[in-house]
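These notes are about the structure you will find just below.
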Amino acid sequence: MRLEYISRIKDGLKRYKTISTKKTTSRVLDGSYNSIYKGRSMNFDELREYVPGDDVKDIDWKATSRSQKVLIRQYIAEKKHNIMLVMDTNRRMLADTSEGEEKREVALIGGGSLAYMVTSNGDYVSAIYSDGEKMCRFPFRMGFLNLETILSGYNKAVSIKNDSSIDQSLEYIIRNIRRRMIVVIVTDMEGISKVSESLLRQLILVHDVLLINVSDADVFGKNVYGIEQSDYLPAYITRSKKLRNLQQEEKRRVLAECDNKLKRNGIAMTTIRSSNNVERGIIELLEKHKMRK
């Protein structure tokens with residue numbers, strides 16, 4: 001297989017950044033790339049408070065009785081990390097960004113660049129998205145061929161008939177995947193506004209969650225094509241100053257609601273407008289995530 005997307009991502013990334021996660025059980029790319037996992041055959045590191053999902057066999061009962069808190073023995077292991085890409089395949093992703101680039105393309109390069117970083121370190125990358133009829137789940141694997149397969153499949157899954165939602169992917173993860181992960185959601189503002197806050201709360205109990213928002217184009221100007229209508233929008237809409245002002249006001253309202261939703265759940269977000277500013281967006285995302293640890 002020709003690594004088309006990998007080559008483009010590699011050429012576009014000028015600097016290499018690391019991810020710092022807030023959960024000691026899923027610490028990722030923290031300099032030495034050592035992760036903290038349970039396991040009695042590994043080197044003891046420290047005690048931490050029990051969280052749902054921990055193995056009860058790792059409870060330190062003596063320390064628990066002294067502190068009156070349930071404490072877990074934590075071990076350092078040379079283990080790989082688990083990165084899950086949750087990518088929006090709804091037909092909206094065929095529309096343009098504010099820079100005039102197809103949202104599908106920006107989503108590919110944005111999510112792919114972050115996955116490229118961890119793949120370069122030999123970590124595990126998986127993905128889940130809908131092709132409009134069924135959920136496409138890729139197993140956790142290492143290597144660039146795995147990432148190329150994920151990105152190539154995503155490119156085909158986005159179609160004019162695809163009316164899927166991010167919630168479907170999140171529900172699948174919650175029901176079927178038990179391992180701790182860093183979940184990277186790639187969608188647009190409508191996708192963020194429609195995602196269930198209940199599902200986000202369930203996710204952050206176990207996983208780290210980061211969000212890449214692919215920007216939307218304005219519906220004003222010449223020859224504006226409406227994905228939902230499968231036709232060009234009439235001029236009385238695309239050239240109306242009154243409608244432009246109403247749209248801008250609505251976008252500000254939706255953005256504020258989405259920001260508040262993510263802040264309530266401690267989820268960092270970055271907005272990417274084109275494949276040319278992916279690196280800057282990822283750096284911003286990682287910095288925001290560190291601040292919310």
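In the structure tokens, chains take the letters A, B, ... in the order shown, each chain's residues start at 1, and ligands count up from 1 in the order shown.
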Dump as CSV the rows for residues of region 236-285 of chain A within 12 Å of region 117-123 of chain A: closest atom pair and distance in Å with one decimal, only C-alpha atoms counted, ordered by chain and rising residue number.
residue,atom,partner,partner_atom,distance
A:Glu279,CA,A:Met117,CA,11.1
A:Ile282,CA,A:Met117,CA,10.6
A:Ile283,CA,A:Met117,CA,11.8
Export, as a short mmCIF file (atom, residue, chain, number, x, y, z; two decimals), in the first residue's frame, the selected residues with C-alpha atoms.
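File produced: out18.cif:
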data_model
loop_
_atom_site.label_atom_id
_atom_site.label_comp_id
_atom_site.auth_asym_id
_atom_site.auth_seq_id
_atom_site.Cartn_x
_atom_site.Cartn_y
_atom_site.Cartn_z
CA GLU A 279 0.59 21.88 13.50
CA ILE A 282 -2.28 20.56 17.65
CA ILE A 283 0.23 22.53 19.70
#
Checklist line | Exercise: Ser193 (chain A) partners within 9 Å, only C-alpha atoms, chain neighbours under 4 positions left out, as a VMD selection string | finding: chain A and resid 188 to 189 254 to 255 257 to 258 261
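In this model, the gap between CA of Val56 (chain A) and CA of Val70 (chain A) comes to 9.9 Å.
When only C-alpha atoms are used to measure the gap to Thr270 (chain A), the shortest distance among A:Arg253, A:Arg137, A:Arg2, A:Lys288 belongs to A:Lys288.
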Note to self: When you look at Val186 (chain A) with a cut-off of 9 Å (counting only C-alpha atoms), what residues show up, excluding the ones that are within fewer than 4 positions of it in the same chain? I need them as a PyMOL selection string.
What the structure shows: chain A and resi 85-88+107-108+110-111+166+191+210-214
Same residues, C-alpha atoms, saved as a PDB file, in the first residue's frame:
ATOM      1  CA  LEU A  85      -9.576   8.339  16.828  1.00  0.00           C
ATOM      2  CA  VAL A  86     -13.309   9.082  16.739  1.00  0.00           C
ATOM      3  CA  MET A  87     -13.894  10.743  13.375  1.00  0.00           C
ATOM      4  CA  ASP A  88     -17.072  12.363  12.073  1.00  0.00           C
ATOM      5  CA  ALA A 107     -10.103  16.220   9.440  1.00  0.00           C
ATOM      6  CA  LEU A 108      -7.844  13.621   7.817  1.00  0.00           C
ATOM      7  CA  GLY A 110      -5.672  16.998  11.698  1.00  0.00           C
ATOM      8  CA  GLY A 111      -6.550  13.696  13.325  1.00  0.00           C
ATOM      9  CA  ILE A 166     -20.496  11.107  16.730  1.00  0.00           C
ATOM     10  CA  GLY A 191     -21.051  17.718  15.691  1.00  0.00           C
ATOM     11  CA  LEU A 210      -9.315  15.743  23.310  1.00  0.00           C
ATOM     12  CA  LEU A 211     -11.342  17.412  20.565  1.00  0.00           C
ATOM     13  CA  ILE A 212     -10.391  18.756  17.147  1.00  0.00           C
ATOM     14  CA  ASN A 213     -12.990  21.116  15.677  1.00  0.00           C
ATOM     15  CA  VAL A 214     -12.874  21.539  11.897  1.00  0.00           C
TER      16      VAL A 214
END
Checklist line | Contact residues around Ile83 (chain A) with only C-alpha atoms at 12 Å, ignoring same-chain residues under 5 positions, as number ranges by chain | finding: A: 19, 21, 26-29, 111-112, 114-119, 121-128, 138-142, 147, 179-185, 207-210
Pick out each residue of region 73-171 of chain A that DSSP on the backbone tags as alpha helix (DSSP H); I need them as a compact mmCIF listing (two decimals) with N, CA and C atoms, in the first residue's frame.
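Saved result, out.txt, follows:
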# COMPACT_ATOMS: atom_id res chain seq x y z
N LYS A 103 -13.71 19.95 4.47
CA LYS A 103 -13.58 19.57 5.88
C LYS A 103 -13.05 18.15 6.04
N ARG A 104 -13.44 17.26 5.16
CA ARG A 104 -12.93 15.89 5.23
C ARG A 104 -11.41 15.88 5.15
N GLU A 105 -10.86 16.69 4.26
CA GLU A 105 -9.41 16.75 4.08
C GLU A 105 -8.73 17.27 5.34
N VAL A 106 -9.29 18.32 5.93
CA VAL A 106 -8.70 18.90 7.14
C VAL A 106 -8.81 17.93 8.31
N ALA A 107 -9.94 17.22 8.39
CA ALA A 107 -10.10 16.22 9.44
C ALA A 107 -9.08 15.11 9.31
N LEU A 108 -8.83 14.66 8.08
CA LEU A 108 -7.84 13.62 7.82
C LEU A 108 -6.46 14.04 8.28
N ILE A 109 -6.05 15.23 7.90
CA ILE A 109 -4.71 15.69 8.24
C ILE A 109 -4.61 16.05 9.72
N GLY A 110 -5.68 16.62 10.28
CA GLY A 110 -5.67 17.00 11.70
C GLY A 110 -5.59 15.79 12.62
N GLY A 111 -6.57 14.90 12.50
CA GLY A 111 -6.55 13.70 13.32
C GLY A 111 -5.37 12.80 12.99
N GLY A 112 -5.04 12.72 11.70
CA GLY A 112 -3.92 11.89 11.28
C GLY A 112 -2.59 12.37 11.81
N SER A 113 -2.40 13.69 11.92
CA SER A 113 -1.14 14.22 12.42
C SER A 113 -0.92 13.87 13.88
N LEU A 114 -1.98 13.97 14.67
CA LEU A 114 -1.87 13.61 16.08
C LEU A 114 -1.58 12.12 16.22
N ALA A 115 -2.25 11.30 15.41
CA ALA A 115 -2.01 9.85 15.44
C ALA A 115 -0.61 9.52 14.93
N TYR A 116 -0.11 10.31 13.99
CA TYR A 116 1.25 10.10 13.46
C TYR A 116 2.28 10.26 14.56
N MET A 117 2.06 11.23 15.44
CA MET A 117 2.99 11.47 16.54
C MET A 117 3.14 10.22 17.41
N VAL A 118 2.00 9.64 17.80
CA VAL A 118 2.06 8.51 18.71
C VAL A 118 2.50 7.24 17.98
N THR A 119 2.16 7.15 16.69
CA THR A 119 2.62 6.01 15.90
C THR A 119 4.14 6.03 15.79
N SER A 120 4.72 7.22 15.66
CA SER A 120 6.17 7.35 15.58
C SER A 120 6.84 6.83 16.84
N PHE A 144 2.74 2.59 10.68
CA PHE A 144 2.16 3.57 9.77
C PHE A 144 1.19 2.94 8.78
N LEU A 145 1.37 1.68 8.47
CA LEU A 145 0.42 1.01 7.58
C LEU A 145 -0.96 0.98 8.21
N ASN A 146 -1.01 0.73 9.53
CA ASN A 146 -2.27 0.75 10.26
C ASN A 146 -2.94 2.12 10.16
N LEU A 147 -2.16 3.18 10.37
CA LEU A 147 -2.72 4.53 10.32
C LEU A 147 -3.17 4.88 8.91
N GLU A 148 -2.42 4.47 7.91
CA GLU A 148 -2.81 4.73 6.53
C GLU A 148 -4.14 4.04 6.20
N THR A 149 -4.31 2.81 6.71
CA THR A 149 -5.56 2.08 6.49
C THR A 149 -6.74 2.81 7.12
N ILE A 150 -6.52 3.34 8.33
CA ILE A 150 -7.57 4.09 9.03
C ILE A 150 -7.98 5.34 8.24
N LEU A 151 -6.99 6.09 7.79
CA LEU A 151 -7.26 7.35 7.10
C LEU A 151 -7.87 7.11 5.72
N SER A 152 -7.39 6.08 5.04
CA SER A 152 -7.95 5.75 3.73
C SER A 152 -9.41 5.31 3.86
N GLY A 153 -9.70 4.54 4.89
CA GLY A 153 -11.08 4.12 5.13
C GLY A 153 -11.98 5.28 5.47
N TYR A 154 -11.45 6.23 6.25
CA TYR A 154 -12.25 7.41 6.60
C TYR A 154 -12.60 8.22 5.35
N ASN A 155 -11.64 8.38 4.48
CA ASN A 155 -11.87 9.15 3.26
C ASN A 155 -13.02 8.57 2.45
N LYS A 156 -13.12 7.24 2.42
CA LYS A 156 -14.20 6.58 1.67
C LYS A 156 -15.53 6.61 2.43
N ALA A 157 -15.45 6.63 3.77
CA ALA A 157 -16.68 6.56 4.58
C ALA A 157 -17.50 7.84 4.52
N ILE A 166 -21.59 11.46 15.81
CA ILE A 166 -20.50 11.11 16.73
C ILE A 166 -21.03 10.29 17.90
N ASP A 167 -22.25 10.56 18.34
CA ASP A 167 -22.82 9.83 19.47
C ASP A 167 -22.81 8.32 19.23
N GLN A 168 -23.04 7.90 18.00
CA GLN A 168 -23.04 6.47 17.69
C GLN A 168 -21.69 5.84 18.01
N SER A 169 -20.63 6.55 17.66
CA SER A 169 -19.28 6.04 17.93
C SER A 169 -18.98 6.03 19.42
N LEU A 170 -19.38 7.09 20.12
CA LEU A 170 -19.12 7.17 21.56
C LEU A 170 -19.89 6.09 22.31
N GLU A 171 -21.13 5.86 21.91
CA GLU A 171 -21.91 4.79 22.55
C GLU A 171 -21.26 3.43 22.34
Note to self: Could you pull out the strand (DSSP E or B) residues of region 58-123 of chain A, going by DSSP on the backbone, and write them as a ChimeraX atom specification?
What the structure shows: /A:59,71-77,82-87,96,102
